[in-house]
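First comes the structure, then the notes that go with it.
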Amino acid sequence: MAFTLYNAPQSTCSQRVRYLLHAKGLAFAEHRLDLFRGDQLKPDYLAINPNGVVPALVHDGRTVIDSAVIMEYLEDILPDVAPSRPAEPHEAARMRAMIRFIDEIPTPAIRVPSYNLAFLPHFRSMSEEEFQALADSKPLRREFLLKMGRTGFPKEEMDEALGRLRRAVLRMADWLEENGGPWLMGESLTQADIAVMPVIVRMADINLDTAWDDRPEIGRWLERIRASAPFAATYYHGSLLTEKYPHLAAQRAGTAGDETRRSA
């Protein structure tokens, strides 16, 4: 079987798919798109994914798009290799309901602090005309960009996003408690864990991990998934925002220094 993944290193949706591909031990050709250069909006990629977003998986010449759909597809074709979906129908339905919550609440919410904290300098450097043209070129993200503008999302938007992320943390903690851990559905890692992984990793990376200061089980879950075999291959260098944007790394280092001085 021949697999080609079109994705971007820092894309949270791409990270989900990379993790599952590695978990299943699948060799794949990787095309890394530069989203700020607009690779995802070029005609050759739009012919693969007309939505102009990543990831897209090409398997034996046929394309599958949308990260959640790709994960389901990989499980459909390789159900016995590193299973990530419960075999029992009701449990599989429970997993899909978890992923629906993840895709409705924290996945879109993490974009707001990501854009404000990491990507905003790129947009501020544009003229109004350039920014409008960029927004108009995006099939799925036009309204999102226009809402942000060149000055970033306002405080109320940030507060709403942070509130959604906090709700997701609490829901995760509930799942871990209800199902006994160590994973969201109990003893086995499933696509629910993989789906929320990039959100929690991103939160930790951009200094939002205080959201689970009072829920240490989330920190333990994060340590466990970081230690899993597919993680290092998924998060190669450049996959974290602090690895691409020096100003974020400096902010994180400064915060860590402040915490050390307070505890001394």
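Letters A, B, ... mark the chains of the structure tokens in the order given; residue numbers begin at 1 per chain; ligand numbers begin at 1, in order shown.
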Which neighbours of Trp183 in chain A fall inside 12 Å, counting only C-alpha atoms, when residues of the same chain fewer than 4 positions from it are skipped, and could you give them as number ranges by chain? A: 84, 95, 172-179, 187-194, 196-197, 217-218, 220-225, 228
Hey, can you check how far CA of Ala68 in chain A sits from CA of Arg16 in chain A? 8.4 Å
Could you pull the residues within 6 Å of Ala56 in chain A, counting only C-alpha atoms, minus those fewer than 5 positions along the same chain, as a PDB file with C-alpha atoms, in the first residue's frame?
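Okay, result-v4.pdb is ready:
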ATOM      1  CA  LEU A   5       0.534  12.610   3.476  1.00  0.00           C
ATOM      2  CA  TYR A   6       0.157  16.291   2.633  1.00  0.00           C
ATOM      3  CA  VAL A  64      -9.033  11.052   1.883  1.00  0.00           C
ATOM      4  CA  ILE A  65      -9.433  14.467   3.546  1.00  0.00           C
TER       5      ILE A  65
END
Any chance you could list, as a PyMOL selection string, the residues in range 4-227 of chain A that come up alpha helix (DSSP H) when DSSP is run on the backbone? chain A and resi 12-23+43-46+67-77+89-104+106-109+111-114+120-124+128-136+142-148+155-179+191-205+216-226
For Ala135 in chain A, which of A:Pro108, A:Gly52, A:Gly238, A:Gly219 is the closest residue, counting only C-alpha atoms? A:Gly52
Nearest to Val17 in chain A among A:Pro121, A:Pro198, A:Pro182, A:Pro216, with distances taken over only C-alpha atoms: which residue is it?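 Under the stated criterion, the closest residue is A:Pro198.
Residues within 8 Å of Ser14 in chain A, counting only C-alpha atoms and excluding same-chain residues fewer than 5 positions away, are Asn7, Ala8, Pro9, Val54, Pro55 and Ser67 of chain A.
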Taking 6 positions as the minimum chain separation for residues in the same chain, which residues sit within 9 Å of Val112 in chain A when counting only C-alpha atoms? Answer as JSON, numbers by chain. {"A": [148, 152, 153, 157, 158, 161, 162]}
Emit the selected residues as a tab-separated table (two decimals), in the first residue's frame, including N, CA, C and O atoms.
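Contents of the output file out-v5.tsv:
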chain	number	residue	atom	x	y	z
A	148	MET	N	-10.56	37.86	13.08
A	148	MET	CA	-9.33	38.18	13.79
A	148	MET	C	-8.79	39.53	13.37
A	148	MET	O	-8.41	40.35	14.20
A	152	GLY	N	-5.54	41.07	15.71
A	152	GLY	CA	-5.77	39.95	16.60
A	152	GLY	C	-7.17	39.90	17.17
A	152	GLY	O	-7.96	40.84	17.04
A	153	PHE	N	-7.46	38.78	17.79
A	153	PHE	CA	-8.77	38.62	18.42
A	153	PHE	C	-8.85	39.48	19.68
A	153	PHE	O	-7.88	39.56	20.45
A	157	GLU	N	-12.89	37.47	22.87
A	157	GLU	CA	-12.72	36.25	22.05
A	157	GLU	C	-11.69	35.33	22.70
A	157	GLU	O	-11.86	34.10	22.73
A	158	MET	N	-10.60	35.91	23.19
A	158	MET	CA	-9.58	35.12	23.87
A	158	MET	C	-10.16	34.47	25.12
A	158	MET	O	-9.94	33.27	25.39
A	161	ALA	N	-12.32	31.55	24.18
A	161	ALA	CA	-11.52	30.41	23.76
A	161	ALA	C	-10.88	29.71	24.96
A	161	ALA	O	-10.88	28.48	25.06
A	162	LEU	N	-10.34	30.50	25.88
A	162	LEU	CA	-9.72	29.91	27.07
A	162	LEU	C	-10.76	29.19	27.92
A	162	LEU	O	-10.47	28.14	28.52
Per DSSP on the backbone, what are the strand (DSSP E) residues of range 46-198 of chain A, as a ChimeraX atom specification? /A:56-59,62-65
